[in-house]
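Asker: What follows is model.csv, CSV, C-alpha atoms.
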```csv
chain,number,residue,atom,x,y,z
V,140,MET,CA,0.0,0.0,0.0
V,141,THR,CA,1.3,3.4,-1.0
V,142,THR,CA,2.1,5.8,1.9
V,143,PRO,CA,0.4,9.2,1.4
V,144,VAL,CA,2.6,12.3,1.4
V,145,VAL,CA,1.1,15.3,3.2
V,146,SER,CA,2.8,18.7,3.1
V,147,ILE,CA,1.7,21.5,5.4
V,148,ALA,CA,2.4,24.9,3.9
V,149,TYR,CA,1.9,27.5,6.5
V,150,HIS,CA,2.9,30.9,7.9
V,151,SER,CA,2.9,31.7,11.6
V,152,GLY,CA,3.5,35.3,12.7
V,153,PHE,CA,3.8,34.8,16.5
V,154,GLY,CA,3.9,31.0,16.9
V,155,HIS,CA,0.3,30.3,17.5
V,156,THR,CA,-0.4,29.0,14.0
V,157,ALA,CA,2.8,26.9,14.2
V,158,VAL,CA,1.2,25.0,17.1
V,159,ILE,CA,-1.8,24.2,15.0
V,160,ALA,CA,0.5,23.2,12.0
V,161,GLU,CA,2.3,20.8,14.3
V,162,ALA,CA,-1.0,19.3,15.5
V,163,VAL,CA,-2.0,18.7,11.9
V,164,ARG,CA,1.4,17.0,11.3
V,165,VAL,CA,0.9,14.8,14.4
V,166,GLY,CA,-2.6,13.7,13.2
V,167,ALA,CA,-1.4,12.9,9.7
V,168,ALA,CA,1.7,11.1,10.9
V,169,ASP,CA,-0.4,9.0,13.3
V,170,THR,CA,-1.9,7.3,10.2
V,171,GLY,CA,1.5,6.4,8.8
V,172,ALA,CA,1.6,9.2,6.3
V,173,ARG,CA,4.9,11.0,5.5
V,174,VAL,CA,4.5,14.6,6.5
V,175,HIS,CA,6.5,17.7,5.7
V,176,LEU,CA,6.1,21.1,7.5
V,177,ILE,CA,7.0,23.9,5.2
V,178,LYS,CA,7.2,27.6,6.3
V,179,VAL,CA,6.0,29.5,3.3
V,180,ASP,CA,8.0,32.6,4.3
V,181,GLU,CA,11.2,30.6,4.2
V,182,ILE,CA,10.4,28.2,1.4
V,183,SER,CA,13.3,26.7,-0.6
V,184,ASP,CA,13.4,25.2,-4.1
V,185,ALA,CA,13.6,21.7,-2.5
V,186,GLU,CA,10.4,22.5,-0.5
V,187,TRP,CA,8.6,23.6,-3.7
V,188,GLU,CA,9.5,20.2,-5.1
V,189,LEU,CA,8.1,18.5,-1.9
V,190,LEU,CA,4.8,20.3,-2.5
V,191,ASP,CA,4.8,19.2,-6.1
V,192,GLY,CA,5.4,15.6,-5.1
V,193,SER,CA,2.7,15.6,-2.3
V,194,ASP,CA,-0.7,13.9,-2.4
V,195,VAL,CA,-2.1,16.5,0.0
V,196,ILE,CA,-1.2,20.2,0.6
V,197,VAL,CA,-2.7,21.7,3.8
V,198,PHE,CA,-2.6,25.5,3.8
V,199,GLY,CA,-2.3,27.3,7.1
V,200,SER,CA,-2.1,30.9,8.2
V,201,PRO,CA,-3.2,33.2,11.0
V,202,THR,CA,-6.1,35.4,10.1
V,203,TYR,CA,-5.0,39.0,10.0
V,204,MET,CA,-7.4,41.8,9.2
V,205,GLY,CA,-10.0,39.3,7.9
V,206,THR,CA,-7.7,37.2,5.6
V,207,ALA,CA,-4.5,35.2,5.5
V,208,SER,CA,-1.3,36.9,6.4
V,209,GLY,CA,0.7,38.9,3.9
V,210,ALA,CA,3.4,36.3,3.9
V,211,PHE,CA,0.9,33.6,2.9
V,212,HIS,CA,-0.6,35.8,0.2
V,213,GLN,CA,2.9,36.2,-1.3
V,214,PHE,CA,3.3,32.4,-1.3
V,215,ALA,CA,-0.1,32.1,-2.9
V,216,GLU,CA,1.0,34.4,-5.7
V,217,GLU,CA,4.2,32.5,-6.2
V,218,THR,CA,2.1,29.3,-6.8
V,219,SER,CA,1.1,30.7,-10.1
V,220,LYS,CA,4.1,28.9,-11.6
V,221,ARG,CA,2.4,25.7,-10.6
V,222,TRP,CA,-0.8,26.9,-12.1
V,223,PHE,CA,0.8,27.3,-15.5
V,224,THR,CA,2.3,23.8,-15.4
V,225,LYS,CA,-0.8,22.2,-13.7
V,226,SER,CA,1.5,20.7,-11.1
V,227,TRP,CA,-1.1,20.5,-8.4
V,228,HIS,CA,-4.1,19.3,-10.4
V,229,ASN,CA,-6.1,16.7,-8.5
V,230,LYS,CA,-4.1,16.9,-5.3
V,231,LEU,CA,-6.1,17.0,-2.1
V,232,ALA,CA,-6.2,20.3,-0.2
V,233,ALA,CA,-7.3,21.4,3.2
V,234,GLY,CA,-6.7,24.4,5.5
V,235,PHE,CA,-6.5,25.8,9.0
V,236,THR,CA,-6.3,29.2,10.7
V,237,ASN,CA,-6.0,31.0,14.1
V,238,SER,CA,-7.1,34.4,15.3
V,239,GLY,CA,-7.5,36.3,18.5
V,240,SER,CA,-11.3,36.5,18.4
V,241,LYS,CA,-13.8,33.7,18.5
V,242,SER,CA,-14.9,34.5,14.9
V,243,GLY,CA,-12.2,36.9,13.8
V,244,ASP,CA,-13.5,36.5,10.2
V,245,LYS,CA,-11.6,33.1,10.0
V,246,LEU,CA,-14.1,31.8,7.5
V,247,HIS,CA,-12.8,34.3,5.0
V,248,THR,CA,-9.2,32.9,5.4
V,249,LEU,CA,-10.5,29.3,4.9
V,250,GLN,CA,-12.5,30.4,1.8
V,251,PHE,CA,-9.3,32.1,0.5
V,252,PHE,CA,-7.5,28.7,0.8
V,253,GLN,CA,-10.5,27.0,-0.9
V,254,THR,CA,-10.3,29.5,-3.8
V,255,LEU,CA,-6.6,29.0,-4.1
V,256,ALA,CA,-7.1,25.2,-4.2
V,257,SER,CA,-9.9,25.5,-6.7
V,258,GLN,CA,-7.7,27.6,-9.0
V,259,HIS,CA,-5.2,24.8,-9.0
V,260,ASN,CA,-8.0,22.2,-9.6
V,261,MET,CA,-7.3,20.6,-6.3
V,262,ILE,CA,-9.9,18.7,-4.3
V,263,TRP,CA,-10.9,20.2,-1.0
V,264,VAL,CA,-11.2,18.1,2.1
V,265,PRO,CA,-13.4,19.8,4.8
V,266,LEU,CA,-13.0,19.3,8.5
V,267,GLY,CA,-15.6,16.5,8.7
V,268,LEU,CA,-16.7,17.3,12.3
V,269,ALA,CA,-20.1,18.4,13.6
V,270,PRO,CA,-19.9,21.7,15.5
V,271,GLY,CA,-19.1,21.4,19.2
V,272,TRP,CA,-20.0,23.7,22.2
V,273,ASN,CA,-23.5,24.4,20.8
V,274,THR,CA,-25.7,22.8,23.4
V,275,THR,CA,-26.1,23.1,27.2
V,276,GLU,CA,-24.2,19.8,27.6
V,277,GLY,CA,-21.4,21.1,25.4
V,278,SER,CA,-18.2,22.8,26.5
V,279,GLU,CA,-15.3,24.8,25.2
V,280,ASN,CA,-13.3,21.5,25.3
V,281,ASP,CA,-15.4,20.0,22.5
V,282,LEU,CA,-13.7,19.2,19.2
V,283,ASN,CA,-14.6,21.9,16.7
V,284,ARG,CA,-15.6,24.1,19.5
V,285,LEU,CA,-15.9,27.1,17.2
V,286,GLY,CA,-18.2,25.4,14.8
V,287,PHE,CA,-16.3,25.6,11.5
V,288,PHE,CA,-16.9,23.1,8.6
V,289,ALA,CA,-14.5,24.3,5.9
V,290,GLY,CA,-11.3,23.6,7.9
V,291,ALA,CA,-9.8,23.7,11.3
V,292,ALA,CA,-10.2,27.0,13.1
V,293,ALA,CA,-8.5,28.0,16.3
V,294,GLN,CA,-8.7,31.0,18.7
V,295,THR,CA,-6.0,32.1,21.0
V,296,ASN,CA,-6.3,35.2,23.3
V,297,ALA,CA,-4.4,38.1,21.8
V,298,ASP,CA,-2.4,38.6,25.1
V,299,GLU,CA,-1.2,34.9,25.2
V,300,GLY,CA,1.7,33.3,23.5
V,301,PRO,CA,1.8,30.0,21.7
V,302,GLU,CA,1.4,28.1,25.0
V,303,GLY,CA,-2.1,29.6,25.1
V,304,VAL,CA,-3.4,27.7,22.1
V,305,HIS,CA,-6.6,25.9,23.3
V,306,LYS,CA,-6.2,22.2,23.7
V,307,ALA,CA,-9.5,21.6,21.9
V,308,ASP,CA,-8.2,23.5,18.9
V,309,ILE,CA,-5.1,21.4,18.9
V,310,ALA,CA,-7.2,18.2,19.0
V,311,THR,CA,-9.3,19.5,16.2
V,312,ALA,CA,-6.2,20.2,14.1
V,313,GLU,CA,-5.0,16.7,14.8
V,314,HIS,CA,-8.3,15.4,13.5
V,315,LEU,CA,-7.9,17.4,10.3
V,316,GLY,CA,-4.4,15.8,9.8
V,317,ARG,CA,-5.8,12.3,10.3
V,318,ARG,CA,-8.7,13.0,8.0
V,319,VAL,CA,-6.6,14.3,5.1
V,320,ALA,CA,-4.1,11.5,5.4
V,321,GLU,CA,-6.9,8.8,5.5
V,322,THR,CA,-8.7,10.5,2.6
V,323,ALA,CA,-5.5,10.5,0.6
V,324,ARG,CA,-5.0,6.8,1.2
V,325,VAL,CA,-8.5,6.1,-0.2
V,326,PHE,CA,-7.8,8.3,-3.3
V,327,ILE,CA,-4.4,6.6,-3.9
V,328,ALA,CA,-6.1,3.2,-3.7
V,329,GLY,CA,-8.9,4.3,-5.9
V,330,ARG,CA,-6.6,5.7,-8.6
V,331,GLY,CA,-4.7,2.5,-8.5
V,332,ALA,CA,-7.8,0.4,-8.9
V,333,VAL,CA,-9.0,2.6,-11.9
V,334,ALA,CA,-5.6,2.3,-13.6
V,335,ALA,CA,-5.5,-1.5,-13.1
```
Please, can you express the file's structure as structure tokens?
Answerer:
Amino acid sequence: MTTPVVSIAYHSGFGHTAVIAEAVRVGAADTGARVHLIKVDEISDAEWELLDGSDVIVFGSPTYMGTASGAFHQFAEETSKRWFTKSWHNKLAAGFTNSGSKSGDKLHTLQFFQTLASQHNMIWVPLGLAPGWNTTEGSENDLNRLGFFAGAAAQTNADEGPEGVHKADIATAEHLGRRVAETARVFIAGRGAVAA
């Protein structure tokens, strides 16, 4: 059985989003996938090649002023070289973000990632969790406590460092990592069956 390759292309301004990226990595690695963490503001030619060779690319960025960070936007523009060569066609894609507010317009960042993936003809993998913390029995410790469907969303108080990233958000990001890796395994097997 082929081992899926998952690359996490992310930017983290103050370390909070790096915690979420690491959680996605842990979740994907738990399934046996090979996983690469790639900081888009330091990306090398070798890391671009890792992205090209991946089955899944997970996009991640903090949400600043209602969208992904400037560093992530620069990376997104640089992916146009891949658009011209169709290098990322039919790869799986997913995304995650963090902001200081419960909402913080994080959905816009996730939709930006979805649009980027769509322009590359990638296949989007949503979070795959029901919303948590939306009943009287629920709590802030529920998976998907912020109730996002498009991807993993985290909230960290603006006056806390990376150690303040909520444990439930870390667990939700681990879920996303497992989900994309398991979905990739199914896609790889399916492509193999169709080709046989």
Asker: Fewer than 3 positions away in the same chain doesn't count, so skip those; otherwise give me all residues within 8 Å of stretch 227-243 of chain V, counting all atoms listed in the file, as a tab-separated table (two decimals) with C-alpha atoms, in the coordinates of the input.
Answerer:
```tsv
chain	number	residue	atom	x	y	z
V	155	HIS	CA	0.30	30.30	17.50
V	156	THR	CA	-0.40	29.00	14.00
V	159	ILE	CA	-1.80	24.20	15.00
V	191	ASP	CA	4.80	19.20	-6.10
V	193	SER	CA	2.70	15.60	-2.30
V	194	ASP	CA	-0.70	13.90	-2.40
V	195	VAL	CA	-2.10	16.50	0.00
V	196	ILE	CA	-1.20	20.20	0.60
V	197	VAL	CA	-2.70	21.70	3.80
V	198	PHE	CA	-2.60	25.50	3.80
V	199	GLY	CA	-2.30	27.30	7.10
V	200	SER	CA	-2.10	30.90	8.20
V	201	PRO	CA	-3.20	33.20	11.00
V	202	THR	CA	-6.10	35.40	10.10
V	203	TYR	CA	-5.00	39.00	10.00
V	205	GLY	CA	-10.00	39.30	7.90
V	221	ARG	CA	2.40	25.70	-10.60
V	222	TRP	CA	-0.80	26.90	-12.10
V	246	LEU	CA	-14.10	31.80	7.50
V	248	THR	CA	-9.20	32.90	5.40
V	249	LEU	CA	-10.50	29.30	4.90
V	252	PHE	CA	-7.50	28.70	0.80
V	253	GLN	CA	-10.50	27.00	-0.90
V	256	ALA	CA	-7.10	25.20	-4.20
V	259	HIS	CA	-5.20	24.80	-9.00
V	260	ASN	CA	-8.00	22.20	-9.60
V	261	MET	CA	-7.30	20.60	-6.30
V	262	ILE	CA	-9.90	18.70	-4.30
V	263	TRP	CA	-10.90	20.20	-1.00
V	264	VAL	CA	-11.20	18.10	2.10
V	265	PRO	CA	-13.40	19.80	4.80
V	285	LEU	CA	-15.90	27.10	17.20
V	289	ALA	CA	-14.50	24.30	5.90
V	290	GLY	CA	-11.30	23.60	7.90
V	291	ALA	CA	-9.80	23.70	11.30
V	292	ALA	CA	-10.20	27.00	13.10
V	293	ALA	CA	-8.50	28.00	16.30
V	294	GLN	CA	-8.70	31.00	18.70
V	295	THR	CA	-6.00	32.10	21.00
V	296	ASN	CA	-6.30	35.20	23.30
V	297	ALA	CA	-4.40	38.10	21.80
V	312	ALA	CA	-6.20	20.20	14.10
V	319	VAL	CA	-6.60	14.30	5.10
V	323	ALA	CA	-5.50	10.50	0.60
```
Asker: Would you work out the distance separating atom CA of V:Ala310 from atom CA of V:Val179, expressed in Å to one decimal?
Answerer: 23.4 Å
Asker: Using atom CA of V:Ile309 and atom CA of V:Glu161 as the two end points, give the distance in Å to one decimal.
Answerer: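 According to the coordinates, atom CA of V:Ile309 and atom CA of V:Glu161 are separated by 8.7 Å.
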Asker: Between V:His212, V:Gly171, V:Gly286, V:Thr142, which has the minimum distance to V:Ile327 (counting all atoms listed in the file)?
Answerer: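 Between V:His212, V:Gly171, V:Gly286, V:Thr142, the residue approaching V:Ile327 most closely is V:Thr142.
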Asker: Using Å and a single decimal, report how far atom CA of V:Asp308 sits from atom CA of V:Ala157.
Answerer: 12.4 Å
Asker: Measuring atom to atom with only C-alpha atoms, identify which of V:Val304, V:Leu176, V:Ala162, V:Leu255 is nearest to V:Val145.
Answerer: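 Nearest to V:Val145: V:Leu176.
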Asker: With distances taken over only C-alpha atoms, which of V:Leu315, V:Ala328, V:Leu190, V:Ala307 is nearest to V:Leu268?
Answerer: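 For V:Leu268, the nearest of the candidates is V:Leu315.
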Asker: Restricting the calculation to all atoms listed in the file: of V:Ala215, V:His314, V:Asp298, V:Gly166, which residue gets closest to V:Thr254?
Answerer: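 Smallest separation from V:Thr254 among the options: V:Ala215.
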Asker: What lies within 10 Å of V:Ala172 using only C-alpha atoms, ignoring chain neighbours under 4 positions off, as a PyMOL selection string?
Answerer: chain V and resi 141-145+164-168+316-317+319-321+323-324
